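Visitor: The file below is data-v6.txt, compact mmCIF, C-alpha atoms:
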```
# COMPACT_ATOMS: atom_id res chain seq x y z
CA MET A 1 139.14 55.61 -100.96
CA GLU A 2 142.36 56.40 -102.80
CA ARG A 3 144.08 53.66 -100.82
CA ILE A 4 141.46 51.08 -101.87
CA VAL A 5 141.87 52.13 -105.50
CA LYS A 6 145.63 51.56 -105.13
CA PHE A 7 144.95 48.10 -103.66
CA ARG A 8 142.59 47.17 -106.50
CA LYS A 9 145.08 48.30 -109.12
CA ALA A 10 147.94 46.34 -107.51
CA ILE A 11 145.85 43.18 -107.16
CA LEU A 12 144.73 43.29 -110.79
CA GLN A 13 148.28 43.96 -112.01
CA VAL A 14 149.59 41.00 -110.00
CA MET A 15 146.86 38.76 -111.39
CA GLU A 16 147.46 39.81 -114.99
CA GLU A 17 151.25 39.56 -114.77
CA TYR A 18 151.21 36.22 -112.93
CA ALA A 19 148.87 34.73 -115.55
CA ALA A 20 150.79 36.19 -118.51
CA GLU A 21 154.17 34.93 -117.26
CA ARG A 22 152.89 31.35 -116.95
CA GLN A 23 150.49 31.21 -119.88
CA HIS A 24 153.09 30.68 -122.58
CA SER A 25 154.67 27.67 -120.84
CA LEU A 26 151.47 25.70 -120.22
CA GLN A 27 149.86 24.22 -123.32
CA GLY A 28 146.12 23.59 -122.95
CA ILE A 29 145.89 25.60 -119.73
CA THR A 30 144.23 28.99 -119.40
CA PHE A 31 144.14 31.46 -116.56
CA GLU A 32 140.87 33.09 -115.58
CA ILE A 33 140.84 36.33 -113.63
CA ILE A 34 137.74 36.70 -111.52
CA ALA A 35 137.40 40.26 -110.26
CA ASP A 36 134.42 41.66 -108.37
CA GLU A 37 135.48 45.24 -107.70
CA LYS A 38 132.08 46.12 -106.25
CA HIS A 39 132.58 43.64 -103.39
CA ASP A 40 136.43 43.63 -103.56
CA ARG A 41 136.85 39.91 -104.20
CA TYR A 42 139.53 38.61 -106.55
CA GLN A 43 140.53 35.12 -107.67
CA LEU A 44 142.91 33.68 -110.20
CA VAL A 45 141.95 30.24 -111.50
CA MET A 46 143.98 27.90 -113.70
CA MET A 47 142.00 25.49 -115.87
CA GLY A 48 142.17 23.32 -118.93
CA TRP A 49 143.70 19.97 -119.81
CA ASP A 50 147.13 18.48 -119.17
CA GLY A 51 147.01 15.55 -121.55
CA GLU A 52 144.11 13.42 -120.33
CA GLU A 53 143.98 15.10 -116.91
CA ARG A 54 141.56 17.92 -116.15
CA VAL A 55 143.12 20.90 -114.44
CA HIS A 56 140.99 23.28 -112.38
CA SER A 57 142.80 24.99 -109.56
CA LEU A 58 142.46 28.14 -107.50
CA LEU A 59 145.84 29.87 -107.55
CA PHE A 60 144.91 32.62 -105.16
CA HIS A 61 141.95 34.38 -103.58
CA ILE A 62 142.21 37.92 -102.25
CA ASP A 63 139.62 40.15 -100.59
CA ILE A 64 139.82 43.75 -99.44
CA VAL A 65 138.29 43.87 -95.97
CA ASN A 66 138.26 46.78 -93.54
CA GLY A 67 140.91 48.69 -95.47
CA LYS A 68 143.39 45.80 -95.78
CA ILE A 69 144.22 43.15 -98.34
CA TRP A 70 143.30 39.69 -97.05
CA VAL A 71 145.04 36.83 -98.84
CA GLN A 72 142.48 34.07 -98.27
CA GLU A 73 144.30 31.38 -100.25
CA ASP A 74 147.69 31.26 -101.94
CA ASN A 75 148.80 28.30 -104.02
CA THR A 76 151.65 30.07 -105.81
CA GLU A 77 155.32 29.24 -105.55
CA VAL A 78 156.33 32.89 -104.99
CA GLY A 79 153.68 34.09 -102.56
CA VAL A 80 151.11 36.57 -103.80
CA ALA A 81 151.76 38.80 -100.76
CA ASN A 82 155.37 39.18 -101.93
CA LEU A 83 154.16 40.16 -105.39
CA LEU A 84 151.87 42.78 -103.86
CA THR A 85 154.75 44.28 -101.87
CA GLU A 86 156.69 44.59 -105.13
CA LYS A 87 153.77 46.74 -106.37
CA GLY A 88 154.20 49.12 -103.43
CA ILE A 89 151.71 47.65 -100.96
CA ALA A 90 153.02 47.82 -97.40
CA LYS A 91 153.27 44.56 -95.46
CA GLU A 92 151.16 46.06 -92.68
CA ASP A 93 148.31 46.38 -95.23
CA ILE A 94 148.36 42.66 -96.08
CA VAL A 95 146.83 39.93 -93.91
CA LEU A 96 147.72 36.29 -94.55
CA ALA A 97 144.23 35.03 -93.73
CA TYR A 98 145.15 31.40 -94.38
CA PHE A 99 147.12 31.49 -91.12
CA SER A 100 145.34 31.64 -87.77
CA GLU A 101 145.47 34.98 -85.99
CA PHE A 102 147.87 33.42 -83.49
CA HIS A 103 150.29 32.38 -86.24
CA ARG A 104 150.02 35.68 -88.13
CA GLN A 105 151.88 37.46 -85.35
CA PHE A 106 155.01 35.55 -86.37
CA THR A 107 154.89 36.75 -90.00
CA GLU A 108 156.11 40.04 -91.41
CA PHE A 109 152.54 40.91 -92.37
CA ALA A 110 149.49 42.31 -90.55
CA VAL A 111 147.67 40.26 -87.94
CA ALA A 112 144.25 41.71 -88.78
```
Mind turning this structure into structure tokens?
Guide:
Amino acid sequence: MERIVKFRKAILQVMEEYAAERQHSLQGITFEIIADEKHDRYQLVMMGWDGEERVHSLLFHIDIVNGKIWVQEDNTEVGVANLLTEKGIAKEDIVLAYFSEFHRQFTEFAVA
């Protein structure tokens, strides 16, 4: 359980820091952290207006499944998995779920 608590803390820190670093440079755009710690589902959404254009975009979606962090979607320029490793999460505890299991074997991260 201690490990899962560490994962939750790292995920929330990454979400908060990622949003805070970008918030000041984007006028009219807000970042919404969606965190369901009971079911271990986390999303960061960017939304607002860029002039006349509506912005609503999922930046990343992370779940904790079977004792590992599953990055379901990642639309960041830096890679949320890299940000998690900077918080002390081991690469073998992170699954890049947006790749097929076959392709995951060629990454530095967990296959499943």
Visitor: Rank nothing, just name the residue among A:Ala35, A:Leu26, A:Val111, A:His61 nearest to A:Trp49, using only C-alpha atoms.
Guide: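 Checking each candidate against A:Trp49, we get A:Leu26 as the closest.
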Visitor: Could you check which of A:Lys6, A:Lys91, A:Arg104, A:Gly28 is closest to A:Glu52, using all atoms listed in the file?
Guide: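 Between A:Lys6, A:Lys91, A:Arg104, A:Gly28, the residue approaching A:Glu52 most closely is A:Gly28.
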Visitor: So that I can check the surroundings of A:Thr107, please list as a PyMOL selection string every protein, DNA and RNA residue that reaches within 10 Å of it, counting all atoms listed in the file and ignoring chain neighbours fewer than 5 positions away.
Guide: chain A and resi 91+95-96+99
Visitor: Go through A:Glu2, A:Asp74, A:Glu32, A:Glu17 one by one, measure the shortest atom-to-atom distance of each to A:Phe60 using only C-alpha atoms, and give the residue with the smallest value.
Guide: A:Asp74
Visitor: Identify which of the residues A:Ile62, A:Glu16, A:Trp70, A:Asn75 lies closest to A:Glu92, counting only C-alpha atoms when measuring atom-to-atom distances.
Guide: A:Trp70
